[in-house]
Structure formats: structure tokens, C-alpha cells
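Inspection log for the structure reproduced underneath, given as C-alpha cells.
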Amino acid sequence: MGPGSIPDGREALKEYRKSRYQDIFKRLGDGAEGWQIVASITGLADDIIEHLYRGIVQSTPSDIRWRLEDRFAIIALGGYGRGELAPFSDIDLMFLYRDSNIEIHQVKAAEVLQTLWDIGYRVGHCLRTVDDCIALGKKDITVRTALMEARFLAGSQKLFDYFRTSFDRKVALKRPASYIAAKIREREAGYQQYGTTVYLLEPHVKMSQGGLRDLHLFQWASLCHHRTASLEGLKHRGFLSSMDYKALTGAREFLWKIRNELHFEAGCCQDLLTFEEQVRLSRLRGFEDNEHLLGVEQFMREYYEQTTAIFDITRRLVDSMAKRPFVKYIGRYLKRQTINGHFIIEGNEISISQVGRSSVLEDTCELLKLFYLSSIHNVRLSFEAYTLIKNAMKTAPLIPKMDGKAAAIFLQILGGPGGVAGVLREMHHLRLLEQIIPEFSHARGLMQFNEYHKYTVDEHCLRSVEETEESGDQPGIVSRVYREIQRKDILCLALLIHDLGKGFGPDHSSMGIQIAKRTAEHITLDNQTSSLLVFLVGNHLLMTRIAFRRDLSDEKVLLQFAKTAATPEALKMLYILTLADIAAVGPGTLTAWKRDLLTELFEKTLEILTGEKVEVAEDEKAEKVKEWVLAHCSEMDRNWISEQLSSSTKRYLLSVDPERIVRHLRKIMHIPSEHVLVDGEYDPAIHATEYTIYTLDDQTPGIFYKIAGVMAAKGLQILGANIITWENKVVVDTFWVQDPDFADAPTRARLDEVSSSIQNILKGHVNVEALMDQGKRIQARRRAFPVAIPAKVEIDNASSEQYTIIEVFAHDRQGLLYIIAKTMFDLGLSVHTAKVSTQLDQIVDVFYVTDKLDRKIIDPEDIQKIKERLTAAMPAI
């Protein structure tokens, strides 16, 4: 339908646009190509704007009409200028004029804009002369880029041609290397906002690494450097290989299809590929679940393959265009170094000599030497070397077993001295890494379809190596422990393969052990080193399970873990590995709270393994604590203090810092008159707020679940809780929470608000359910996850002598702890300790409980009843 058939009148035009969009959407559903949809959306906007231009010309008095016909033009800029308009993207217009009488152009431009806004377009616009464009283009790189993509729509073709010639000569084609370097810096800043890896679990199809913006950067650079942005034109002129052309056009088509679907489904500009959209699109594209991978995981693997192609190809080509010709020339002679006759280092690049190409590309040992030299000299592969290796790896046969020399070089790469993760990532991009560790091929682009991981399996493993390297720069114990580790190469190798068992079945750690054994054999490790690697991979979740789910004051727990770790070196490696593994899940995952728990477990276990821990009977230790407290409470009645300490539990005396016990006693003195006391205090060391509640056990039933309800109503995330009830009915409950309403310390008013609510609930002034309804905070803060996650309950009677341990695995949501605690109260269980952690894949709530008579729950029927009631209380979400 051409512009001649477009109706007049804004309401008719609005309906026309809506009808055309419906037709285009139907074509999308019928299987139209992505480029066809983009072309149709762009063409529709072109037709409407040309029609509006004809209308303003016809409505203009004939004596001044020439001003619009000869001295006025409407120009498309940006993505619209490229002819790549997505269904609900903004359209950017420039009204170009060449006239001393600006008023008529302002009026007519406003008429066009108002109509476009009224019929549903979002329009960015400007009114400029050619001189304006040149001046602004010289000063502002964003304006320069937009104007480089200018496309004529309507008005004076002669004026547009004059603008095009002038702007190209004075701005667009000036100093291309400087312009390209600036655009690279701009793009790198964008990565910081939208993700520094291709392998994000919820990528932005336009702005994330490997997205359409990387392709745009390449086209801008090419337009400036080669005077064409057309991929086909670049191929015909020899600037883009046929293989790269095919990869880029295929990837662009793939992303255009996805982006069109996202826009039409949302009815607005929506470029984030959310979990929900991934599920919908994977089904739409016919992906089905198989034994090991969900259909959505297969779909996302294709996404990562396409975006990786865009990133790899455009990065190398744009970097090569950013070099100034003089720098290219002089670099051949300055700092040129030839190594082994095969490798040449010049400037900040390493390449393969012409004479050594065949021997290097056919020999894994020589290829590893190249990467090792790249690492120790801190230089990157040249574009030519990268391309040669990339092509060679496509037909390279899998190596059955590495020889000792090649294995030694690989371990040298892993051992540092720095930049290990960067070298490994390059090897992974070029598919050399899977020659050494075949399972890395399976992990390539393998997403982890949950809300907690931010990256794919391969990217997570590489980032964990990166996090480990950064351990040496951290202050305190982490840096010291990292420096003390002797086999950093084995530590990095363990991190590199620790999650490669994912995608083979439910227990990735068990599969990881088999992969570790095969890897050790493949790179010819000796038996002792092989055992260490297998230990680290097989137990990479052990420290998190103990630190986040067990009572670290329990001597039995520590002794069992020390027996598993066996040596200080293995413990140190496991400690650093665990910190790196958690940190690599995503930004902010390794909180100060988690780090402190892991460090506490490490230090206590190290004391046992090194023999530095002086064995003292628990009763004797408890008595020493009492003596210290008595000595530091001189202002209080000594007999009263002795009575209180005698009524307290041994676990309390051994797990609570003596100085804190003194503070508790000073508060407990006031319980008879106040009934309920609450202290709220922010701890900057762990970025958490501690609320301590003092009351009597007979003040109200269900103290724990009611406090949990207040926390839920106030939107607080509970990290842990220590529930103490003394023989004299004194209750000292401590909750550690994070307040999402405050980036740092909550205000005093906020602390008082929460404290007051707890007091009112425990005194019976307010009903907890009513408070939760009033706060409306029990609803999940996160959006609902698109795949149901069933809750699971496990009961452990072996790890603790005194308590039954209940572990609840469930999808995280606000108020979850309240639901669990209320159910356990209804079951007649007493909670003594609660530990709450968002694990790598789910929330894990752990409770140390007894029955009403303070005994462990050992009857099988009772255990089954607990499991059933808790599971029923938490349906899959």
C-alpha cells in the first residue's frame, strides 16, 4: 500500500497505522523473516511521513510553498536512518532547512510532529541548518553518529545532498581512528550497564555484549573507515570475509526476529529477553525438553552462539580499524620481538610468523606456547592470529591425551602470574579449551535456568577463575590465604571445571568428580595432584552447606569437616574456591554476611588441622565464660547474674560473644517491667541489621513465627536467627536482616518502627496477620519465575547430638520464613536456631528444632508428618 492510499485526518491515520501493524504482526506469526518485518515497519513510517509532508505543502499558501519544496527536508536519523526500525522503537527525525525565515519551518515541523505523536509514534526530533549539523557533529560524537546515518525522507533532495556532501567532507570522514576509538570507549561503558559478557541469563538484545549495538558499532566504524556501512558492500570490497558475512547476517536476522517478537508481545519497546519471554519464544520456535536440557536452555544456547559470533567478529574488525595508519607502520619496527622463530610480538599484539604457521596450527603444544607468551608478556592475539586459529579449530581432531610438555605449558598458564581468566576466555572463544577439557564443549552457552545465576555455566566457570585472581588484591585474611596456596594452577583448574557436570543430570557434583578424573588423566597429572583436583571439584559446595546451614559452634560439625578437608592446603584451596564460586554467580552475591560465615568455618577448621586449637571441655569453656562475664558486670547484683547465667544454656554461652552476653544481661534486668524489649542496631561490617528481642517465654505463644511475620510485613530479608530460651523462661532471640529500602544503614526512625512493631505484636496489641495485610509486603518482590519450582524438605538427625535439623529448599519469596515458622509452631516444634541463605539455585532455610519436651524428633511417622505439612504449606511457585 503506497502513500497515495493513506487517509487524511488524524483519527483515520491512527486507525490506518493500527491496521497496518496488525497486518505486519500477522505476517510475523505466519513466519516472515526478521528483515521483512523491520523493512515493513520502516516503510510504513516512511509512507506516513511522506504523506504528512505532502499535506503541509498543499496547505501552505502558494507564494511561500517554495520554501518547503526547495529549502526544507525531513531526514531520518539513528536506527530509523539505517532502515532498521523495530515495531515500537522511537523514530528520530531531523527537519533540515536553509532559510533566514525559520518560523515557517518551525510551524510546519510542529504540525508533522503533533500528528505523529497523536497516531502513536514516539518521536525524537531536531530542527537544524547544515551549518548547525557540522558544528554539532564536530563537538558531539553522538550527534556525529546519528547524522552519519541520515536518510532522506521528503522535501528537497538537493538540500539533503548538499548536507550529505558537506557533512561527510567536514565531519564524517575526518580522523576516523579517533572517532572509532571514542565509540569503542562509549561501547565499553555501555557494557558496564548492560553486562560485560555475552552470556547473561537475561540479556538485552540490543545493548548487551554481542547484541545489535555491537553490529551497529562495526557499521559506524566501517562507514567512517571504508565509506560504507552495508555488510554486503563490505564483503564485495574485500573488507569482510564471506564466512564472517554469513555469520553476521545470520546473527542479525536471528536477533531481529527475537526483537520483533518482544516488541509485539509487549506492545511497546521491550528489548530485555526475560525468563518469561525465553520460555515463550523457545516454545514458539519448537524447542522441546529432552533428558538433560529444557527447551528454553536449548533456545538460549542458540542465542549465545549467535551473539558470540557478533561480538567476536565485530570486536576484532573494529579494533583493527581503530589503529592510526602511522601507528600500524611504526609498530612493525618498534618493540618487535621474535620468539622461537614462530611468534612475533610487536606493540601490544602477538602473531604467528609466516614460516611457522603450519607447525603452530597443527601442534597443540605450540598453540599453548602462543597463549602462554600472550599471558606473560601481557599482549593480545593479533587479528590475523585469531582468525588463523579460529579456522584451524573448526577441523581440529579431538586430542585423546595431551603429552607431558603441552600439559606443563597449560598448567603454567593456569598458574599465572596474572590474566589467567582472560587467556582462558580467549582459548574458549577459539574452541581450543575444549581440546584440553572436552566437557567445555557441552558447557558452551549452557544456561542455568534459575533466578540466582546471572551467567551461563561456561561464563560462570571463567568468572570464578577471575574472582580467584582478584583474591590476592583483597585486604585481610582472603589475600593472605590466597598467597599461601602453593598450587594455584590446580585451584584455577578446579574452578574452571567445577560446574561442568551441569546439564548431565540432577547431581552435578558427582558428575563433576568423573570430569575431574578424566581431566587429570587427560593432562597427565600425578596421583596426588589428581586426588586434590577431585577433592576440590567434588566438594565445591561443601563449605557453603556447612557455613550456611549448620551451627558453627557445634564441635561435631567442625570435626567432621576437618576430617573431610584433611590438610591445611586443601582447606585453604577449598576456602578460596568457595568464595570465588559464590562471587561469580553475579554481582553482590558474595555478601559480607556469607563471607564472614565462610571465614569463621575456615578459621575454626584450620585450628583443628594445624593443632593450634587447644582442646578444652565444653563445660570448662562455659565456666570460663561465666567467670569473665561476672568480672565485667560489677555494677549489677552478683547473685542475680549468677542465677541468670546458671539458667542460660551451654549453647548460648559457647556461641555468643561474652561482651554481647554482658549487654544482654543489662537488658534482661528490665524485662519484668517492660515485658518486651527490642534493640535494633546496624552492623556495617556485615551490611546487616541486628534485632535482639528480650522477653519471657510465657509472654505469648509462637514468638519466633510472630517475629518472622513482622519482618515479612516490613519487607526485611532475614539472613539468620539465633533463638535462645533459658530455663527461667528468659527469651533472647536475635535476628540478622537486610533492609532493601536502604542501601546502607537504616535510619533511626526505621529501626524504631520495626522494633515498635515487634513489641506490639508480642504484647498482643496487634495481630500479626493484620500487620502483614496492612503492609502488603508478603507478596513477592521479584516477579514470578516462569517455571514452577517444587519445595523440598529434608530432615537430618545425624549432624547434631541435641537437635533435629530441618532443611527447607524452596523458591525465594517475601514471607517464606513466616509460613515455615507458623507451620512448625502448629506442629508443636521449638526452633532453637534458624539459618537462612539464598544458595546458588534456591533459598535454603535451616532450623535446629526439638519437640515440646525439648527432645529430637526420631519417630519415622512424626518425621514424615513434618515433611508433608511443610511441603503442603509451600506449593510450587
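Identifiers in the C-alpha cells: chain A, B, ... in order shown; residue index from 1 per chain; ligand index from 1 in order shown.
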Residues near Ile582 (chain A), anyone? I mean within 10 Å using only C-alpha atoms, not counting same-chain ones fewer than 2 positions away, as a list in words. His453, His460, Ser464, Glu467, Leu541, Thr544, Leu577, Thr578, Leu579, Ala580, Ala584, Val585, Gly586, Pro587, Gly588, Thr589, Leu590, Thr591, Lys594, Arg595, Gln839 and Leu840 of chain A
Prev. selection, C-alpha atoms, output as an mmCIF file, in the first residue's frame:
data_model
loop_
_atom_site.group_PDB
_atom_site.id
_atom_site.type_symbol
_atom_site.label_atom_id
_atom_site.label_comp_id
_atom_site.auth_asym_id
_atom_site.auth_seq_id
_atom_site.Cartn_x
_atom_site.Cartn_y
_atom_site.Cartn_z
ATOM 1 C CA HIS A 453 22.718 -17.358 38.480
ATOM 2 C CA HIS A 460 30.427 -18.707 35.438
ATOM 3 C CA SER A 464 35.219 -17.828 39.123
ATOM 4 C CA GLU A 467 37.414 -13.820 41.052
ATOM 5 C CA LEU A 541 29.576 -26.922 47.640
ATOM 6 C CA THR A 544 28.577 -23.344 51.754
ATOM 7 C CA LEU A 577 37.385 -21.717 45.661
ATOM 8 C CA THR A 578 34.124 -21.331 47.599
ATOM 9 C CA LEU A 579 34.424 -17.556 47.859
ATOM 10 C CA ALA A 580 35.181 -17.291 44.138
ATOM 11 C CA ALA A 584 30.996 -15.469 40.235
ATOM 12 C CA VAL A 585 27.260 -16.197 40.457
ATOM 13 C CA GLY A 586 26.551 -12.498 39.973
ATOM 14 C CA PRO A 587 27.185 -9.005 41.361
ATOM 15 C CA GLY A 588 26.519 -8.716 45.088
ATOM 16 C CA THR A 589 26.088 -12.463 45.632
ATOM 17 C CA LEU A 590 29.052 -12.790 47.980
ATOM 18 C CA THR A 591 27.749 -10.627 50.810
ATOM 19 C CA LYS A 594 28.276 -15.006 53.724
ATOM 20 C CA ARG A 595 31.989 -14.206 53.627
ATOM 21 C CA GLN A 839 22.025 -20.588 47.745
ATOM 22 C CA LEU A 840 23.234 -20.748 44.175
#
Which residues of region 289-368 of chain A come within 10 Å of region 218-225 of chain A, and what is each one's closest atom pair and distance in Å (one decimal), counting only C-alpha atoms, sorted by chain and residue number, as JSON lines?
{"residue": "A:Ile310", "atom": "CA", "partner": "A:Phe218", "partner_atom": "CA", "distance": 9.6}
{"residue": "A:Phe311", "atom": "CA", "partner": "A:Phe218", "partner_atom": "CA", "distance": 9.9}
{"residue": "A:Ile313", "atom": "CA", "partner": "A:Phe218", "partner_atom": "CA", "distance": 9.2}
{"residue": "A:Thr314", "atom": "CA", "partner": "A:Phe218", "partner_atom": "CA", "distance": 5.7}
{"residue": "A:Arg315", "atom": "CA", "partner": "A:Phe218", "partner_atom": "CA", "distance": 7.9}
{"residue": "A:Arg316", "atom": "CA", "partner": "A:Phe218", "partner_atom": "CA", "distance": 9.6}
{"residue": "A:Leu317", "atom": "CA", "partner": "A:Phe218", "partner_atom": "CA", "distance": 7.4}
{"residue": "A:Val318", "atom": "CA", "partner": "A:Phe218", "partner_atom": "CA", "distance": 5.8}
{"residue": "A:Asp319", "atom": "CA", "partner": "A:Phe218", "partner_atom": "CA", "distance": 9.5}
{"residue": "A:Met321", "atom": "CA", "partner": "A:His225", "partner_atom": "CA", "distance": 6.9}
{"residue": "A:Ala322", "atom": "CA", "partner": "A:Ala221", "partner_atom": "CA", "distance": 8.1}
Output the selection as a PDB file, in the first residue's frame - all heavy atoms for each residue.
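Saved file again_33.pdb follows:
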ATOM      1  N   ILE A 310      28.623 -12.359  16.747  1.00  0.00           N
ATOM      2  CA  ILE A 310      28.628 -10.911  16.555  1.00  0.00           C
ATOM      3  C   ILE A 310      29.759 -10.264  17.337  1.00  0.00           C
ATOM      4  O   ILE A 310      30.525  -9.448  16.804  1.00  0.00           O
ATOM      5  CB  ILE A 310      27.272 -10.300  16.975  1.00  0.00           C
ATOM      6  CG1 ILE A 310      26.175 -10.677  15.977  1.00  0.00           C
ATOM      7  CG2 ILE A 310      27.371  -8.774  17.091  1.00  0.00           C
ATOM      8  CD1 ILE A 310      24.797 -10.177  16.352  1.00  0.00           C
ATOM      9  N   PHE A 311      29.889 -10.629  18.601  1.00  0.00           N
ATOM     10  CA  PHE A 311      30.902  -9.995  19.451  1.00  0.00           C
ATOM     11  C   PHE A 311      32.318 -10.293  18.956  1.00  0.00           C
ATOM     12  O   PHE A 311      33.153  -9.389  18.828  1.00  0.00           O
ATOM     13  CB  PHE A 311      30.738 -10.454  20.897  1.00  0.00           C
ATOM     14  CG  PHE A 311      31.774  -9.877  21.826  1.00  0.00           C
ATOM     15  CD1 PHE A 311      31.758  -8.531  22.141  1.00  0.00           C
ATOM     16  CD2 PHE A 311      32.772 -10.669  22.358  1.00  0.00           C
ATOM     17  CE1 PHE A 311      32.716  -7.980  22.984  1.00  0.00           C
ATOM     18  CE2 PHE A 311      33.735 -10.136  23.196  1.00  0.00           C
ATOM     19  CZ  PHE A 311      33.706  -8.783  23.513  1.00  0.00           C
ATOM     20  N   ILE A 313      33.476 -11.334  15.980  1.00  0.00           N
ATOM     21  CA  ILE A 313      33.829 -10.801  14.659  1.00  0.00           C
ATOM     22  C   ILE A 313      33.945  -9.280  14.691  1.00  0.00           C
ATOM     23  O   ILE A 313      34.936  -8.699  14.218  1.00  0.00           O
ATOM     24  CB  ILE A 313      32.788 -11.238  13.603  1.00  0.00           C
ATOM     25  CG1 ILE A 313      32.829 -12.763  13.432  1.00  0.00           C
ATOM     26  CG2 ILE A 313      33.039 -10.534  12.278  1.00  0.00           C
ATOM     27  CD1 ILE A 313      31.672 -13.310  12.615  1.00  0.00           C
ATOM     28  N   THR A 314      32.951  -8.617  15.252  1.00  0.00           N
ATOM     29  CA  THR A 314      32.964  -7.150  15.236  1.00  0.00           C
ATOM     30  C   THR A 314      34.066  -6.580  16.115  1.00  0.00           C
ATOM     31  O   THR A 314      34.675  -5.562  15.777  1.00  0.00           O
ATOM     32  CB  THR A 314      31.603  -6.579  15.677  1.00  0.00           C
ATOM     33  OG1 THR A 314      31.304  -7.024  17.015  1.00  0.00           O
ATOM     34  CG2 THR A 314      30.496  -7.024  14.743  1.00  0.00           C
ATOM     35  N   ARG A 315      34.354  -7.237  17.238  1.00  0.00           N
ATOM     36  CA  ARG A 315      35.393  -6.727  18.135  1.00  0.00           C
ATOM     37  C   ARG A 315      36.737  -6.654  17.410  1.00  0.00           C
ATOM     38  O   ARG A 315      37.445  -5.648  17.462  1.00  0.00           O
ATOM     39  CB  ARG A 315      35.503  -7.617  19.372  1.00  0.00           C
ATOM     40  CG  ARG A 315      36.599  -7.203  20.344  1.00  0.00           C
ATOM     41  CD  ARG A 315      36.744  -8.175  21.480  1.00  0.00           C
ATOM     42  NE  ARG A 315      36.959  -9.542  21.008  1.00  0.00           N
ATOM     43  CZ  ARG A 315      37.560 -10.489  21.737  1.00  0.00           C
ATOM     44  NH1 ARG A 315      37.994 -10.210  22.942  1.00  0.00           N
ATOM     45  NH2 ARG A 315      37.715 -11.697  21.268  1.00  0.00           N
ATOM     46  N   ARG A 316      37.094  -7.743  16.735  1.00  0.00           N
ATOM     47  CA  ARG A 316      38.388  -7.791  16.057  1.00  0.00           C
ATOM     48  C   ARG A 316      38.450  -6.785  14.896  1.00  0.00           C
ATOM     49  O   ARG A 316      39.443  -6.084  14.716  1.00  0.00           O
ATOM     50  CB  ARG A 316      38.632  -9.202  15.522  1.00  0.00           C
ATOM     51  CG  ARG A 316      38.797 -10.238  16.619  1.00  0.00           C
ATOM     52  CD  ARG A 316      40.162 -10.132  17.234  1.00  0.00           C
ATOM     53  NE  ARG A 316      40.274 -10.960  18.427  1.00  0.00           N
ATOM     54  CZ  ARG A 316      41.403 -11.124  19.088  1.00  0.00           C
ATOM     55  NH1 ARG A 316      42.502 -10.525  18.681  1.00  0.00           N
ATOM     56  NH2 ARG A 316      41.446 -11.883  20.160  1.00  0.00           N
ATOM     57  N   LEU A 317      37.382  -6.719  14.127  1.00  0.00           N
ATOM     58  CA  LEU A 317      37.388  -5.824  12.976  1.00  0.00           C
ATOM     59  C   LEU A 317      37.393  -4.361  13.393  1.00  0.00           C
ATOM     60  O   LEU A 317      38.100  -3.537  12.809  1.00  0.00           O
ATOM     61  CB  LEU A 317      36.174  -6.119  12.087  1.00  0.00           C
ATOM     62  CG  LEU A 317      36.201  -7.468  11.361  1.00  0.00           C
ATOM     63  CD1 LEU A 317      34.858  -7.744  10.693  1.00  0.00           C
ATOM     64  CD2 LEU A 317      37.323  -7.501  10.325  1.00  0.00           C
ATOM     65  N   VAL A 318      36.625  -4.018  14.415  1.00  0.00           N
ATOM     66  CA  VAL A 318      36.585  -2.628  14.875  1.00  0.00           C
ATOM     67  C   VAL A 318      37.924  -2.232  15.483  1.00  0.00           C
ATOM     68  O   VAL A 318      38.425  -1.120  15.245  1.00  0.00           O
ATOM     69  CB  VAL A 318      35.433  -2.434  15.892  1.00  0.00           C
ATOM     70  CG1 VAL A 318      35.526  -1.057  16.548  1.00  0.00           C
ATOM     71  CG2 VAL A 318      34.087  -2.590  15.214  1.00  0.00           C
ATOM     72  N   ASP A 319      38.530  -3.124  16.271  1.00  0.00           N
ATOM     73  CA  ASP A 319      39.842  -2.823  16.848  1.00  0.00           C
ATOM     74  C   ASP A 319      40.874  -2.540  15.764  1.00  0.00           C
ATOM     75  O   ASP A 319      41.710  -1.643  15.892  1.00  0.00           O
ATOM     76  CB  ASP A 319      40.316  -3.987  17.723  1.00  0.00           C
ATOM     77  CG  ASP A 319      39.649  -4.006  19.082  1.00  0.00           C
ATOM     78  OD1 ASP A 319      38.952  -3.024  19.399  1.00  0.00           O
ATOM     79  OD2 ASP A 319      39.811  -4.998  19.817  1.00  0.00           O
ATOM     80  N   MET A 321      40.336  -1.303  12.850  1.00  0.00           N
ATOM     81  CA  MET A 321      40.064  -0.015  12.214  1.00  0.00           C
ATOM     82  C   MET A 321      40.415   1.160  13.122  1.00  0.00           C
ATOM     83  O   MET A 321      40.583   2.284  12.649  1.00  0.00           O
ATOM     84  CB  MET A 321      38.589   0.076  11.808  1.00  0.00           C
ATOM     85  CG  MET A 321      38.235  -0.767  10.594  1.00  0.00           C
ATOM     86  SD  MET A 321      36.530  -0.495  10.046  1.00  0.00           S
ATOM     87  CE  MET A 321      35.628  -1.610  11.122  1.00  0.00           C
ATOM     88  N   ALA A 322      40.525   0.901  14.424  1.00  0.00           N
ATOM     89  CA  ALA A 322      40.798   1.980  15.378  1.00  0.00           C
ATOM     90  C   ALA A 322      42.258   2.392  15.375  1.00  0.00           C
ATOM     91  O   ALA A 322      42.613   3.434  15.934  1.00  0.00           O
ATOM     92  CB  ALA A 322      40.389   1.555  16.789  1.00  0.00           C
TER      93      ALA A 322
END
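With CA of Ala770 (chain A) on one side and CA of Leu716 (chain A) on the other, the separation reads 17.0 Å.
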Would you please work out which residue, of A:Arg487, A:Lys563, A:Lys714, A:Arg280, is nearest to Glu265 (chain A) when using only C-alpha atoms?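 Using only C-alpha atoms, the shortest distance to Glu265 (chain A) belongs to A:Arg280.
Restricting the calculation to only C-alpha atoms, the smallest distance between Ala688 (chain A) and any of A:Asp8, A:Asp131, A:Glu674, A:Asp744 is found for A:Asp744.
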Find the residues near Leu147 (chain A): any atom within 12 Å, counting only C-alpha atoms, skip ones fewer than 6 places away on the same chain, and give them as a tab-separated table (two decimals) with C-alpha atoms, in the first residue's frame.
chain	number	residue	atom	x	y	z
A	75	ILE	CA	15.57	13.37	7.40
A	76	ALA	CA	15.56	10.02	9.25
A	77	LEU	CA	18.34	9.55	11.82
A	78	GLY	CA	19.68	6.75	14.02
A	79	GLY	CA	18.15	3.30	13.68
A	80	TYR	CA	15.37	4.75	11.58
A	81	GLY	CA	18.02	6.28	9.35
A	82	ARG	CA	19.63	2.84	8.96
A	92	ASP	CA	14.36	10.10	15.17
A	93	LEU	CA	13.75	12.94	12.71
A	94	MET	CA	15.71	15.97	11.66
A	96	LEU	CA	16.66	20.39	7.79
A	126	CYS	CA	15.54	18.47	15.93
A	128	ARG	CA	18.80	22.35	12.08
A	130	VAL	CA	23.60	22.36	7.52
A	132	ASP	CA	24.28	23.55	12.70
A	133	CYS	CA	24.87	19.91	11.79
A	134	ILE	CA	28.55	20.46	11.05
A	135	ALA	CA	29.15	22.44	14.24
A	136	LEU	CA	27.34	19.96	16.47
A	137	GLY	CA	28.87	16.96	14.70
A	138	LYS	CA	32.36	18.25	15.45
A	140	ASP	CA	29.33	15.76	19.98
A	141	ILE	CA	30.17	12.19	18.97
A	160	PHE	CA	19.86	16.79	1.57
A	163	PHE	CA	24.14	18.37	3.62
A	164	ARG	CA	25.47	14.89	2.89
A	165	THR	CA	28.44	16.12	0.88
A	166	SER	CA	29.32	18.89	3.33
A	167	PHE	CA	28.97	16.76	6.44
A	168	ASP	CA	30.99	13.87	5.03
A	171	VAL	CA	32.99	15.79	9.78
A	172	ALA	CA	32.10	12.19	8.99
A	220	TRP	CA	29.65	3.04	12.17
A	223	LEU	CA	31.12	3.90	7.39
A	224	CYS	CA	33.84	6.16	8.71
Using only C-alpha atoms, the residue out of A:Ala721, A:Val205, A:Val360, A:Ile490 with shortest distance to Trp256 (chain A) is A:Val205
Find the residues near His540 (chain A): any atom within 10 Å, counting only C-alpha atoms, skip ones fewer than 3 places away on the same chain, and give them as a count of residues only. 18
